[in-house]
Amino acid sequence: MMLTNLLTTAAGLPSAAARPVLASPRGSSIRIPLPVAERTLSPVEALLLAAFRWQTQQQTGCKSDEPGFAGMLEELREYQRGHSVQEQAAASGNIMEALSGPFPPVFKRFAAQPWAPSSLSYCTTLILGFLVGEMTLTEREAGDSRGGGVLVQKCAVLEHSGCSGLCVHMCKLPTERMFAEKWGMPLRMQPNFETCECQLSFGVSPPPLKQDTTLPTGCIGSCPLAQSHPLPQAAAAPLAVSNLEVFLNRDR
């Protein structure tokens with residue numbers, strides 16, 4: 001009965017996070033504090049992480065000797081360094097599609113049902129903790145009291161990588177695209193680069209990338225690439241272009 005109520009009404013759910021408002025549109029003004037330590041995973045989460053890493057290695061050809069979550073980030077960074085943003089998004093989409101198994105076409109038949117967004121948000125909190133950390137079910141989005149929202153309290157990938165490109169091109173954009181195309185469910189992801197929160201809103205279509213004012217331009221200040229190869233302000237990369245690509249091609 002409790003699950004049925006959860007999937008049909010948002011009564012009692014916390015409000016969704018408000019749309020992030022950046023103090024400055026330039027990513028260089030944002031600095032994410034270094035995390036103290038990796039989160040301890042449960043046995044089930046460790047198994048899910050191992051499956052995710054194996055699929056990542058198959059799709060990218062990158063393999064790190066570093067164990068656990070840190071090794072996964074190394075593999076993603078290695079692939080990110082040598083590939084275009086289109087290739088990054090494609091690889092990420094292939095990873096998610098492979099791990100989704102037969103579920104997307106089955107769910108797609110029911111995607112128009114009123115309970116569908118809430119069911120996906122509920123499953124997300126059960127499955128995705130190994131990758132992003134603690135989550136809370138919320139209303140669908142700010143101003144919409146229906147169910148279907150998930151607040152990632154502090155995204156582990158963003159916090160540990162300090163990289164907006166990894167967040168946007170290998171998580172946000174391919175995930176939104178996959179759910180729309182494969183699951184038949186629009187999804188809006190709103191990462192907050194200043195707090196590392198991320199509001200997921202199932203059943204809500206995202207705006208075009210160029211119109212999304214919640215995303216900074218260029219590398220964020222705590223990005224390892226920005227720190228090792230700082231770019232002049234005039235050459236700050238637009239979000240749709242890899243900052244690494246700009247650095248490598250700056251003299252061409």
# chains A, B, ... in the order shown; residues from 1 in each chain; ligands from 1
>>> select_by_dssp(residues="stretch 55-183 of chain A", states="strand (DSSP E)", output="JSON, numbers by chain")
{"A": [135, 136, 137, 138, 139, 140, 141, 144, 145, 146, 147, 148, 149, 150, 151, 152]}
>>> residues_around(residues="A:Met170", least_positions_apart="6", cutoff="10 Å", atoms="only C-alpha atoms", output="JSON, numbers by chain")
{"A": [76, 80, 85, 86, 87, 88, 89, 90, 91, 92, 93, 164]}
>>> residues_around(residues="A:Thr175", least_positions_apart="4", cutoff="8 Å", atoms="only C-alpha atoms", output="list in words")
Gly93, Met96, Cys171 and Phe179 of chain A
>>> residues_around(residues="stretch 49-53 of chain A", least_positions_apart="3", cutoff="7 Å", atoms="only C-alpha atoms", output="PyMOL selection string")
chain A and resi 45-46+56-57+72+130
>>> write_last_selection(atoms="N, CA and C atoms", output="mmCIF file, in the first residue's frame")
data_model
loop_
_atom_site.group_PDB
_atom_site.id
_atom_site.type_symbol
_atom_site.label_atom_id
_atom_site.label_comp_id
_atom_site.auth_asym_id
_atom_site.auth_seq_id
_atom_site.Cartn_x
_atom_site.Cartn_y
_atom_site.Cartn_z
ATOM 1 N N GLU A 45 26.172 -2.578 -3.675
ATOM 2 C CA GLU A 45 26.687 -1.425 -4.412
ATOM 3 C C GLU A 45 28.055 -1.731 -5.016
ATOM 4 N N ALA A 46 28.885 -2.469 -4.280
ATOM 5 C CA ALA A 46 30.199 -2.848 -4.806
ATOM 6 C C ALA A 46 30.046 -3.730 -6.045
ATOM 7 N N THR A 56 32.198 -0.196 -18.689
ATOM 8 C CA THR A 56 32.958 0.992 -19.091
ATOM 9 C C THR A 56 34.227 0.592 -19.825
ATOM 10 N N GLN A 57 34.917 -0.400 -19.302
ATOM 11 C CA GLN A 57 36.143 -0.871 -19.938
ATOM 12 C C GLN A 57 35.862 -1.461 -21.320
ATOM 13 N N MET A 72 37.403 3.786 -11.536
ATOM 14 C CA MET A 72 36.392 4.091 -12.540
ATOM 15 C C MET A 72 36.563 5.509 -13.070
ATOM 16 N N PHE A 130 25.599 3.627 -5.822
ATOM 17 C CA PHE A 130 27.010 3.275 -5.997
ATOM 18 C C PHE A 130 27.750 4.300 -6.843
#
>>> select_by_dssp(residues="stretch 150-236 of chain A", states="helix (DSSP H, G or I)", output="MDAnalysis selection string")
chainID A and resid 156:161 164:183 209:211 224:228 233:235
>>> atom_distance(atom1="atom CA of A:Ser205", atom2="atom CA of A:Thr217")
21.7 Å
